Amino acid sequence: MIVPIELSQTQNITYDITIDSLPKLAFDRKVVIVTNPTVAGLHLKTLLTHIKATQLHVVTIPDGEKYKTLETVENILNECFEHKLDRKSLLIAFGGGVIGDMTGFTASLYQRGIDFVQIPTTLLSQVDASVGGKTGVNNKYGKNLIGAFYQPKAVYIDPEFLKTLPAREFAAGVAEIVKMAVMFDKSYFEFLQDADLSNEEVLKEAIRKSVELKAWVVNQDEKEAGIRAVLNYGHTFGHVVENETNYTTYLHGEAVAIGMVMANALAVELDLFTQEEARKVKDLLERSSLPTEYVIKDVDDFYEHFFLDKKSANNSIKFILPNGMGKHKMLNDIDENIVKKVLSQFGEQQ
Ligand SMILES: NC(=O)c1ccc[n+]([C@@H]2O[C@H](COP(=O)([O-])OP(=O)(O)OC[C@H]3O[C@@H](n4cnc5c(N)ncnc54)[C@H](O)[C@@H]3O)[C@@H](O)[C@H]2O)c1
């Protein structure tokens, strides 16, 4: 199954996202695989049996979001120079979203840009991060604040790699799947309500549908000037939850699950979403082993945190809310008192 990306609106770029068993890949050029010890330990041997190249090198970087930095990118660049890569060489990102974002960014920088390919190995990276060409790193001012829109030459999604993924990481990926369904496709949401994602065929179908939806969004708006921002549903609230808990309590997808529950409560308050619809989303998240409860200790503090988010343009907060199941609405000007009233539903006294 192949999903095409066609960025004809902004530039003439097309590439394929293949969702299937990893094919044999032969490259008539130097290739560097970027991975981490966790993924390498589990899957590098398999990957190496699938890849042929003029020269093949593996660069291993430490595992973890805290290493998603310019320093690590510089280390990868140094390895590329050590291996004397040229402008025709290729990088392969082999790992989750952290590896994908950093490898893509490195590829955009090396000699002003060389090709790269994504082979994502987490559910989150298969359904979301590997699709659409956002690359980058974190710094002390926030997450993903340094980076580039830089598209891969191809993405190979093999669900087989997910068999070794820890359950919590798997669930974090499901949060992004639910996000796509609630924002864009009611029938997909209904499919997910009955879906057993431990079944390989069902999982593959869910990945396919999510990738198709994300590709459809990216094809319309590569640089997030409009509809791509809808993918931030749950993230405005989720980022505050992550920040308040020092990025240690929740995985990103878990915080997004809580964020979606909060966004839904706001949508209910504004009559955009029914209580029943909000309950269905919460039920699906809970059935997917995702957290849906969070106690806001100080509503004013929580509200102020919204303004630290890079997506809060011109000091107004952009809320992405469901507008009925499978539809969305972006609102910039929700009255502070209404937002705080909804936040207080999650307050300590509840
Ligand atoms: N570029 C985008 O559009 C986009 C979208 C969403 C998220 N992201 C980024 O993605 C990152 C999160 O990605 P993630 O959730 O994949 O996290 P991750 O890359 O940190 O992977 C999570 C953990 O799973 C391990 N792992 C990876 N594959 C495995 C496998 N097959 N079996 C066992 N363990 C495996 C990793 O080593 C890591 O410890 C964040 O940095 C986020 O900013 C980017």
# chains A, B, ... in the order shown; residues from 1 in each chain; ligands from 1
call {"tool": "residues_around", "arguments": {"residues": "stretch 274-280 of chain A", "least_positions_apart": "6", "cutoff": "9 Å", "atoms": "only C-alpha atoms", "output": "short mmCIF file (atom, residue, chain, number, x, y, z; two decimals) with C-alpha atoms, in the first residue's frame"}}
result
data_model
loop_
_atom_site.label_atom_id
_atom_site.label_comp_id
_atom_site.auth_asym_id
_atom_site.auth_seq_id
_atom_site.Cartn_x
_atom_site.Cartn_y
_atom_site.Cartn_z
CA GLN A 193 -14.28 2.50 18.55
CA VAL A 261 -10.26 15.73 26.91
CA ASN A 264 -13.43 18.68 24.20
CA ALA A 265 -14.72 20.17 27.47
CA ALA A 267 -15.93 22.58 22.78
CA VAL A 268 -18.88 21.33 24.84
CA GLY A 324 -18.99 17.81 15.75
CA MET A 325 -17.28 14.44 15.32
#
call {"tool": "residues_around", "arguments": {"residues": "A:Lys24", "least_positions_apart": "2", "cutoff": "7 Å", "atoms": "only C-alpha atoms", "output": "PyMOL selection string"}}
result
chain A and resi 22+26+50-51
call {"tool": "closest_residue", "arguments": {"among": "A:Glu212, A:Glu244, A:Glu222, A:Glu201", "to": "A:Asp185", "atoms": "only C-alpha atoms"}}
result
A:Glu212
call {"tool": "residues_around", "arguments": {"residues": "A:Arg112", "least_positions_apart": "6", "cutoff": "12 Å", "atoms": "only C-alpha atoms", "output": "PyMOL selection string"}}
result
chain A and resi 77+86-88+105-106+148+150
call {"tool": "atom_distance", "arguments": {"atom1": "atom CA of A:Thr122", "atom2": "atom 28 (N, counted along the ligand's line) of ligand 1"}}
result
4.5 Å
call {"tool": "residues_near_ligand", "arguments": {"ligand": "ligand 1", "cutoff": "8 Å", "atoms": "only C-alpha atoms and all ligand atoms", "output": "NGL selection string"}}
result
:A and (36-39 or 42-43 or 63-65 or 68 or 95-101 or 120-125 or 128-137 or 143-144 or 161-166 or 169 or 172-173 or 251-253)
call {"tool": "closest_residue", "arguments": {"among": "A:Ile114, A:Ile119, A:Val217, A:Leu47", "to": "A:Leu85", "atoms": "only C-alpha atoms"}}
result
A:Ile114
call {"tool": "select_by_dssp", "arguments": {"residues": "stretch 57-132 of chain A", "states": "helix (DSSP H, G or I)", "output": "MDAnalysis selection string"}}
result
chainID A and resid 65:67 70:82 97:112 123:129
call {"tool": "write_last_selection", "arguments": {"atoms": "N, CA, C and O atoms", "output": "compact mmCIF listing (two decimals), in the first residue's frame"}}
result
# COMPACT_ATOMS: atom_id res chain seq x y z
N GLU A 65 14.55 12.01 24.28
CA GLU A 65 14.17 13.38 23.87
C GLU A 65 15.23 14.39 24.35
O GLU A 65 15.47 15.39 23.68
N LYS A 66 15.87 14.11 25.50
CA LYS A 66 16.82 15.11 26.02
C LYS A 66 18.06 15.24 25.13
O LYS A 66 18.82 16.19 25.25
N TYR A 67 18.25 14.27 24.25
CA TYR A 67 19.39 14.36 23.32
C TYR A 67 18.98 14.97 21.97
O TYR A 67 19.76 14.99 21.03
N LEU A 70 20.95 20.53 19.22
CA LEU A 70 21.90 20.93 18.17
C LEU A 70 23.22 20.19 18.34
O LEU A 70 23.89 19.87 17.37
N GLU A 71 23.59 19.91 19.60
CA GLU A 71 24.86 19.23 19.85
C GLU A 71 24.84 17.84 19.21
O GLU A 71 25.82 17.43 18.55
N THR A 72 23.73 17.12 19.36
CA THR A 72 23.65 15.79 18.75
C THR A 72 23.68 15.90 17.23
O THR A 72 24.34 15.12 16.55
N VAL A 73 22.97 16.90 16.70
CA VAL A 73 22.99 17.09 15.24
C VAL A 73 24.42 17.34 14.78
O VAL A 73 24.87 16.80 13.76
N GLU A 74 25.15 18.15 15.55
CA GLU A 74 26.54 18.41 15.16
C GLU A 74 27.37 17.13 15.19
O GLU A 74 28.21 16.89 14.31
N ASN A 75 27.10 16.26 16.19
CA ASN A 75 27.81 14.98 16.23
C ASN A 75 27.51 14.14 15.00
O ASN A 75 28.39 13.50 14.44
N ILE A 76 26.24 14.13 14.58
CA ILE A 76 25.88 13.35 13.37
C ILE A 76 26.59 13.97 12.16
O ILE A 76 27.16 13.26 11.32
N LEU A 77 26.57 15.31 12.08
CA LEU A 77 27.25 15.98 10.96
C LEU A 77 28.73 15.60 10.92
O LEU A 77 29.27 15.29 9.86
N ASN A 78 29.36 15.60 12.12
CA ASN A 78 30.79 15.24 12.16
C ASN A 78 31.02 13.84 11.63
O ASN A 78 31.96 13.60 10.88
N GLU A 79 30.13 12.92 12.00
CA GLU A 79 30.27 11.54 11.49
C GLU A 79 30.12 11.52 9.97
O GLU A 79 30.81 10.79 9.27
N CYS A 80 29.21 12.34 9.47
CA CYS A 80 29.03 12.41 8.00
C CYS A 80 30.31 12.89 7.34
O CYS A 80 30.72 12.38 6.30
N PHE A 81 30.95 13.89 7.96
CA PHE A 81 32.22 14.37 7.38
C PHE A 81 33.30 13.31 7.49
O PHE A 81 34.08 13.10 6.56
N GLU A 82 33.36 12.63 8.65
CA GLU A 82 34.37 11.57 8.83
C GLU A 82 34.23 10.51 7.73
O GLU A 82 35.20 9.99 7.23
N GLY A 97 10.27 9.21 16.51
CA GLY A 97 10.20 10.60 16.06
C GLY A 97 11.44 11.40 16.38
O GLY A 97 11.81 12.31 15.63
N VAL A 98 12.11 11.07 17.48
CA VAL A 98 13.31 11.82 17.85
C VAL A 98 14.40 11.62 16.79
O VAL A 98 15.00 12.58 16.30
N ILE A 99 14.60 10.37 16.42
CA ILE A 99 15.61 10.06 15.39
C ILE A 99 15.19 10.69 14.06
O ILE A 99 16.01 11.29 13.35
N GLY A 100 13.91 10.56 13.72
CA GLY A 100 13.42 11.08 12.45
C GLY A 100 13.60 12.59 12.35
O GLY A 100 14.10 13.09 11.33
N ASP A 101 13.21 13.30 13.41
CA ASP A 101 13.30 14.77 13.38
C ASP A 101 14.76 15.22 13.27
O ASP A 101 15.08 16.17 12.54
N MET A 102 15.65 14.52 13.99
CA MET A 102 17.05 14.95 13.98
C MET A 102 17.77 14.55 12.71
O MET A 102 18.61 15.29 12.19
N THR A 103 17.45 13.38 12.19
CA THR A 103 18.11 12.94 10.96
C THR A 103 17.68 13.84 9.80
O THR A 103 18.50 14.25 8.97
N GLY A 104 16.40 14.15 9.75
CA GLY A 104 15.90 15.03 8.69
C GLY A 104 16.56 16.40 8.77
O GLY A 104 16.96 16.96 7.74
N PHE A 105 16.69 16.90 9.97
CA PHE A 105 17.31 18.22 10.14
C PHE A 105 18.78 18.18 9.72
O PHE A 105 19.27 19.07 9.02
N THR A 106 19.47 17.10 10.13
CA THR A 106 20.88 16.95 9.73
C THR A 106 20.99 16.90 8.20
O THR A 106 21.86 17.54 7.61
N ALA A 107 20.09 16.14 7.58
CA ALA A 107 20.12 16.03 6.11
C ALA A 107 19.92 17.40 5.47
O ALA A 107 20.53 17.73 4.45
N SER A 108 19.08 18.23 6.09
CA SER A 108 18.81 19.56 5.51
C SER A 108 20.05 20.45 5.60
O SER A 108 20.19 21.41 4.85
N LEU A 109 20.95 20.13 6.54
CA LEU A 109 22.11 20.99 6.79
C LEU A 109 23.37 20.54 6.06
O LEU A 109 24.19 21.38 5.66
N TYR A 110 23.55 19.22 5.94
CA TYR A 110 24.83 18.72 5.42
C TYR A 110 25.03 19.21 3.98
O TYR A 110 24.23 18.91 3.09
N GLN A 111 26.07 19.96 3.78
CA GLN A 111 26.38 20.54 2.47
C GLN A 111 25.15 21.18 1.82
O GLN A 111 24.83 20.96 0.66
N ARG A 112 24.39 21.88 2.64
CA ARG A 112 23.16 22.59 2.25
C ARG A 112 22.02 21.67 1.82
O ARG A 112 21.07 22.11 1.18
N LEU A 123 4.90 3.72 16.83
CA LEU A 123 3.59 3.99 16.22
C LEU A 123 3.43 5.49 15.97
O LEU A 123 2.94 5.90 14.91
N LEU A 124 3.87 6.30 16.95
CA LEU A 124 3.73 7.75 16.77
C LEU A 124 4.47 8.23 15.53
O LEU A 124 3.96 9.04 14.76
N SER A 125 5.66 7.72 15.33
CA SER A 125 6.41 8.18 14.15
C SER A 125 5.84 7.60 12.87
O SER A 125 5.91 8.22 11.82
N GLN A 126 5.24 6.41 12.94
CA GLN A 126 4.66 5.84 11.72
C GLN A 126 3.40 6.58 11.28
O GLN A 126 3.16 6.76 10.09
N VAL A 127 2.59 7.01 12.26
CA VAL A 127 1.32 7.65 11.86
C VAL A 127 1.43 9.17 11.78
O VAL A 127 0.53 9.82 11.26
N ASP A 128 2.51 9.73 12.32
CA ASP A 128 2.53 11.18 12.42
C ASP A 128 3.90 11.78 12.06
O ASP A 128 4.07 12.40 11.00
N ALA A 129 4.91 11.54 12.92
CA ALA A 129 6.17 12.30 12.79
C ALA A 129 6.91 12.09 11.47
O ALA A 129 7.56 13.00 10.97
call {"tool": "closest_residue", "arguments": {"among": "A:Met262, A:Phe237, A:Glu254, A:Ser288", "to": "A:Ile317", "atoms": "only C-alpha atoms"}}
result
A:Phe237
call {"tool": "atom_distance", "arguments": {"atom1": "atom CA of A:Ala215", "atom2": "atom CA of A:Asp16"}}
result
10.1 Å
call {"tool": "closest_residue", "arguments": {"among": "A:Ser316, A:Gly259, A:Asp283, A:Leu321", "to": "A:Asp271", "atoms": "only C-alpha atoms"}}
result
A:Leu321
call {"tool": "closest_residue", "arguments": {"among": "A:Asp301, A:Glu293, A:Glu176, A:Glu224", "to": "A:Ile207", "atoms": "only C-alpha atoms"}}
result
A:Glu176
call {"tool": "closest_residue", "arguments": {"among": "A:Leu266, A:Leu272, A:Met330, A:Val182", "to": "A:Ala229", "atoms": "only C-alpha atoms"}}
result
A:Met330
call {"tool": "select_by_dssp", "arguments": {"residues": "stretch 69-310 of chain A", "states": "strand (DSSP E)", "output": "ChimeraX atom specification"}}
result
/A:90-95,115-120,134-139,142-149,154-157
call {"tool": "write_last_selection", "arguments": {"atoms": "N, CA and C atoms", "output": "PDB file, in the first residue's frame"}}
result
ATOM      1  N   LEU A  90      23.149   9.684   1.217  1.00  0.00           N
ATOM      2  CA  LEU A  90      21.791   9.579   1.763  1.00  0.00           C
ATOM      3  C   LEU A  90      21.842   9.234   3.246  1.00  0.00           C
ATOM      4  N   LEU A  91      20.979   9.875   4.013  1.00  0.00           N
ATOM      5  CA  LEU A  91      20.817   9.480   5.422  1.00  0.00           C
ATOM      6  C   LEU A  91      19.531   8.669   5.555  1.00  0.00           C
ATOM      7  N   ILE A  92      19.570   7.671   6.426  1.00  0.00           N
ATOM      8  CA  ILE A  92      18.348   6.914   6.731  1.00  0.00           C
ATOM      9  C   ILE A  92      18.054   7.082   8.213  1.00  0.00           C
ATOM     10  N   ALA A  93      16.860   7.591   8.515  1.00  0.00           N
ATOM     11  CA  ALA A  93      16.429   7.714   9.915  1.00  0.00           C
ATOM     12  C   ALA A  93      15.789   6.400  10.322  1.00  0.00           C
ATOM     13  N   PHE A  94      16.381   5.735  11.310  1.00  0.00           N
ATOM     14  CA  PHE A  94      15.845   4.440  11.728  1.00  0.00           C
ATOM     15  C   PHE A  94      15.552   4.495  13.225  1.00  0.00           C
ATOM     16  N   GLY A  95      14.307   4.806  13.558  1.00  0.00           N
ATOM     17  CA  GLY A  95      13.923   4.938  14.962  1.00  0.00           C
ATOM     18  C   GLY A  95      12.604   5.667  15.081  1.00  0.00           C
ATOM     19  N   ASP A 115      19.822  13.997   0.555  1.00  0.00           N
ATOM     20  CA  ASP A 115      18.585  13.220   0.652  1.00  0.00           C
ATOM     21  C   ASP A 115      18.502  12.447   1.976  1.00  0.00           C
ATOM     22  N   PHE A 116      17.276  12.218   2.393  1.00  0.00           N
ATOM     23  CA  PHE A 116      17.096  11.285   3.508  1.00  0.00           C
ATOM     24  C   PHE A 116      15.810  10.494   3.340  1.00  0.00           C
ATOM     25  N   VAL A 117      15.809   9.352   4.022  1.00  0.00           N
ATOM     26  CA  VAL A 117      14.677   8.420   3.962  1.00  0.00           C
ATOM     27  C   VAL A 117      14.267   8.109   5.393  1.00  0.00           C
ATOM     28  N   GLN A 118      12.984   7.970   5.613  1.00  0.00           N
ATOM     29  CA  GLN A 118      12.484   7.654   6.960  1.00  0.00           C
ATOM     30  C   GLN A 118      12.079   6.182   7.049  1.00  0.00           C
ATOM     31  N   ILE A 119      12.599   5.489   8.060  1.00  0.00           N
ATOM     32  CA  ILE A 119      12.070   4.157   8.394  1.00  0.00           C
ATOM     33  C   ILE A 119      11.654   4.223   9.867  1.00  0.00           C
ATOM     34  N   PRO A 120      10.418   4.681  10.119  1.00  0.00           N
ATOM     35  CA  PRO A 120       9.979   4.916  11.492  1.00  0.00           C
ATOM     36  C   PRO A 120       9.660   3.604  12.230  1.00  0.00           C
ATOM     37  N   LYS A 134       8.463  17.845   8.794  1.00  0.00           N
ATOM     38  CA  LYS A 134       8.891  18.758   9.858  1.00  0.00           C
ATOM     39  C   LYS A 134      10.093  18.124  10.527  1.00  0.00           C
ATOM     40  N   THR A 135      11.192  18.853  10.586  1.00  0.00           N
ATOM     41  CA  THR A 135      12.400  18.314  11.219  1.00  0.00           C
ATOM     42  C   THR A 135      12.900  19.337  12.221  1.00  0.00           C
ATOM     43  N   GLY A 136      13.698  18.900  13.190  1.00  0.00           N
ATOM     44  CA  GLY A 136      14.235  19.892  14.107  1.00  0.00           C
ATOM     45  C   GLY A 136      14.689  19.336  15.436  1.00  0.00           C
ATOM     46  N   VAL A 137      15.076  20.272  16.301  1.00  0.00           N
ATOM     47  CA  VAL A 137      15.568  19.920  17.637  1.00  0.00           C
ATOM     48  C   VAL A 137      14.971  20.875  18.679  1.00  0.00           C
ATOM     49  N   ASN A 138      15.186  20.513  19.945  1.00  0.00           N
ATOM     50  CA  ASN A 138      14.730  21.349  21.062  1.00  0.00           C
ATOM     51  C   ASN A 138      15.888  22.241  21.525  1.00  0.00           C
ATOM     52  N   ASN A 139      15.562  23.297  22.266  1.00  0.00           N
ATOM     53  CA  ASN A 139      16.610  24.040  22.988  1.00  0.00           C
ATOM     54  C   ASN A 139      16.010  24.522  24.299  1.00  0.00           C
ATOM     55  N   GLY A 142      12.437  25.875  24.337  1.00  0.00           N
ATOM     56  CA  GLY A 142      11.251  25.045  24.078  1.00  0.00           C
ATOM     57  C   GLY A 142      11.524  23.920  23.099  1.00  0.00           C
ATOM     58  N   LYS A 143      10.442  23.195  22.797  1.00  0.00           N
ATOM     59  CA  LYS A 143      10.569  22.016  21.929  1.00  0.00           C
ATOM     60  C   LYS A 143      10.423  22.392  20.458  1.00  0.00           C
ATOM     61  N   ASN A 144      11.233  21.790  19.636  1.00  0.00           N
ATOM     62  CA  ASN A 144      11.138  21.923  18.177  1.00  0.00           C
ATOM     63  C   ASN A 144      11.200  23.372  17.693  1.00  0.00           C
ATOM     64  N   LEU A 145      11.924  24.208  18.431  1.00  0.00           N
ATOM     65  CA  LEU A 145      11.966  25.628  18.042  1.00  0.00           C
ATOM     66  C   LEU A 145      13.023  25.898  16.974  1.00  0.00           C
ATOM     67  N   ILE A 146      13.930  24.932  16.772  1.00  0.00           N
ATOM     68  CA  ILE A 146      14.947  25.090  15.735  1.00  0.00           C
ATOM     69  C   ILE A 146      14.712  23.971  14.724  1.00  0.00           C
ATOM     70  N   GLY A 147      14.623  24.302  13.454  1.00  0.00           N
ATOM     71  CA  GLY A 147      14.411  23.213  12.499  1.00  0.00           C
ATOM     72  C   GLY A 147      14.119  23.706  11.105  1.00  0.00           C
ATOM     73  N   ALA A 148      13.654  22.789  10.305  1.00  0.00           N
ATOM     74  CA  ALA A 148      13.384  23.118   8.901  1.00  0.00           C
ATOM     75  C   ALA A 148      12.242  22.246   8.390  1.00  0.00           C
ATOM     76  N   PHE A 149      11.517  22.768   7.428  1.00  0.00           N
ATOM     77  CA  PHE A 149      10.609  21.912   6.667  1.00  0.00           C
ATOM     78  C   PHE A 149      11.475  21.268   5.593  1.00  0.00           C
ATOM     79  N   ALA A 154      11.579   9.282   0.668  1.00  0.00           N
ATOM     80  CA  ALA A 154      10.628   8.172   0.781  1.00  0.00           C
ATOM     81  C   ALA A 154      10.441   7.841   2.257  1.00  0.00           C
ATOM     82  N   VAL A 155       9.288   7.239   2.565  1.00  0.00           N
ATOM     83  CA  VAL A 155       9.039   6.753   3.932  1.00  0.00           C
ATOM     84  C   VAL A 155       8.612   5.295   3.826  1.00  0.00           C
ATOM     85  N   TYR A 156       9.256   4.435   4.614  1.00  0.00           N
ATOM     86  CA  TYR A 156       8.895   3.010   4.621  1.00  0.00           C
ATOM     87  C   TYR A 156       8.355   2.663   6.003  1.00  0.00           C
ATOM     88  N   ILE A 157       7.084   2.357   6.049  1.00  0.00           N
ATOM     89  CA  ILE A 157       6.435   2.039   7.324  1.00  0.00           C
ATOM     90  C   ILE A 157       6.169   0.540   7.384  1.00  0.00           C
TER      91      ILE A 157
END
call {"tool": "residues_around", "arguments": {"residues": "A:Asp20", "least_positions_apart": "6", "cutoff": "9 Å", "atoms": "only C-alpha atoms", "output": "PDB file with C-alpha atoms, in the first residue's frame"}}
result
ATOM      1  CA  MET A   1       0.000   0.000   0.000  1.00  0.00           C
ATOM      2  CA  ILE A   2       1.449   3.315  -1.109  1.00  0.00           C
ATOM      3  CA  TYR A 156       8.895   3.010   4.621  1.00  0.00           C
ATOM      4  CA  ILE A 157       6.435   2.039   7.324  1.00  0.00           C
ATOM      5  CA  ASP A 158       6.683  -1.575   8.437  1.00  0.00           C
ATOM      6  CA  PRO A 159       4.285  -2.362  11.322  1.00  0.00           C
ATOM      7  CA  GLU A 160       6.415  -5.423  12.134  1.00  0.00           C
ATOM      8  CA  LYS A 204      -2.216  -1.700   9.357  1.00  0.00           C
TER       9      LYS A 204
END
call {"tool": "decode", "arguments": {"residues": "stretch 203-217 of chain A", "atoms": "N, CA, C and O atoms", "output": "mmCIF file, in the first residue's frame"}}
result
data_model
loop_
_atom_site.group_PDB
_atom_site.id
_atom_site.type_symbol
_atom_site.label_atom_id
_atom_site.label_comp_id
_atom_site.auth_asym_id
_atom_site.auth_seq_id
_atom_site.Cartn_x
_atom_site.Cartn_y
_atom_site.Cartn_z
ATOM 1 N N LEU A 203 -4.466 -3.004 12.652
ATOM 2 C CA LEU A 203 -3.452 -1.974 12.925
ATOM 3 C C LEU A 203 -2.963 -1.345 11.619
ATOM 4 O O LEU A 203 -2.844 -0.122 11.497
ATOM 5 N N LYS A 204 -2.707 -2.193 10.649
ATOM 6 C CA LYS A 204 -2.216 -1.700 9.357
ATOM 7 C C LYS A 204 -3.240 -0.748 8.726
ATOM 8 O O LYS A 204 -2.889 0.295 8.158
ATOM 9 N N GLU A 205 -4.504 -1.111 8.865
ATOM 10 C CA GLU A 205 -5.578 -0.272 8.319
ATOM 11 C C GLU A 205 -5.612 1.091 9.048
ATOM 12 O O GLU A 205 -5.784 2.137 8.416
ATOM 13 N N ALA A 206 -5.430 1.044 10.368
ATOM 14 C CA ALA A 206 -5.442 2.299 11.139
ATOM 15 C C ALA A 206 -4.248 3.172 10.746
ATOM 16 O O ALA A 206 -4.378 4.391 10.599
ATOM 17 N N ILE A 207 -3.083 2.544 10.555
ATOM 18 C CA ILE A 207 -1.898 3.313 10.143
ATOM 19 C C ILE A 207 -2.153 3.924 8.766
ATOM 20 O O ILE A 207 -1.912 5.107 8.533
ATOM 21 N N ARG A 208 -2.675 3.102 7.848
ATOM 22 C CA ARG A 208 -2.943 3.589 6.491
ATOM 23 C C ARG A 208 -3.858 4.818 6.521
ATOM 24 O O ARG A 208 -3.587 5.839 5.906
ATOM 25 N N LYS A 209 -4.937 4.693 7.271
ATOM 26 C CA LYS A 209 -5.923 5.781 7.308
ATOM 27 C C LYS A 209 -5.304 7.058 7.894
ATOM 28 O O LYS A 209 -5.522 8.165 7.373
ATOM 29 N N SER A 210 -4.533 6.900 8.975
ATOM 30 C CA SER A 210 -3.915 8.082 9.601
ATOM 31 C C SER A 210 -2.915 8.741 8.664
ATOM 32 O O SER A 210 -2.866 9.966 8.556
ATOM 33 N N VAL A 211 -2.123 7.901 7.989
ATOM 34 C CA VAL A 211 -1.116 8.450 7.065
ATOM 35 C C VAL A 211 -1.821 9.160 5.905
ATOM 36 O O VAL A 211 -1.402 10.249 5.493
ATOM 37 N N GLU A 212 -2.888 8.569 5.413
ATOM 38 C CA GLU A 212 -3.643 9.211 4.316
ATOM 39 C C GLU A 212 -4.165 10.577 4.748
ATOM 40 O O GLU A 212 -4.066 11.555 4.012
ATOM 41 N N LEU A 213 -4.728 10.623 5.957
ATOM 42 C CA LEU A 213 -5.271 11.899 6.445
ATOM 43 C C LEU A 213 -4.149 12.922 6.623
ATOM 44 O O LEU A 213 -4.279 14.073 6.220
ATOM 45 N N LYS A 214 -3.028 12.459 7.211
ATOM 46 C CA LYS A 214 -1.938 13.422 7.420
ATOM 47 C C LYS A 214 -1.394 13.892 6.071
ATOM 48 O O LYS A 214 -1.125 15.085 5.887
ATOM 49 N N ALA A 215 -1.253 12.978 5.120
ATOM 50 C CA ALA A 215 -0.742 13.352 3.797
ATOM 51 C C ALA A 215 -1.692 14.362 3.137
ATOM 52 O O ALA A 215 -1.253 15.346 2.537
ATOM 53 N N TRP A 216 -2.981 14.127 3.292
ATOM 54 C CA TRP A 216 -3.985 15.035 2.732
ATOM 55 C C TRP A 216 -3.838 16.445 3.328
ATOM 56 O O TRP A 216 -3.885 17.458 2.623
ATOM 57 N N VAL A 217 -3.597 16.497 4.632
ATOM 58 C CA VAL A 217 -3.419 17.794 5.304
ATOM 59 C C VAL A 217 -2.126 18.467 4.830
ATOM 60 O O VAL A 217 -2.124 19.641 4.456
#
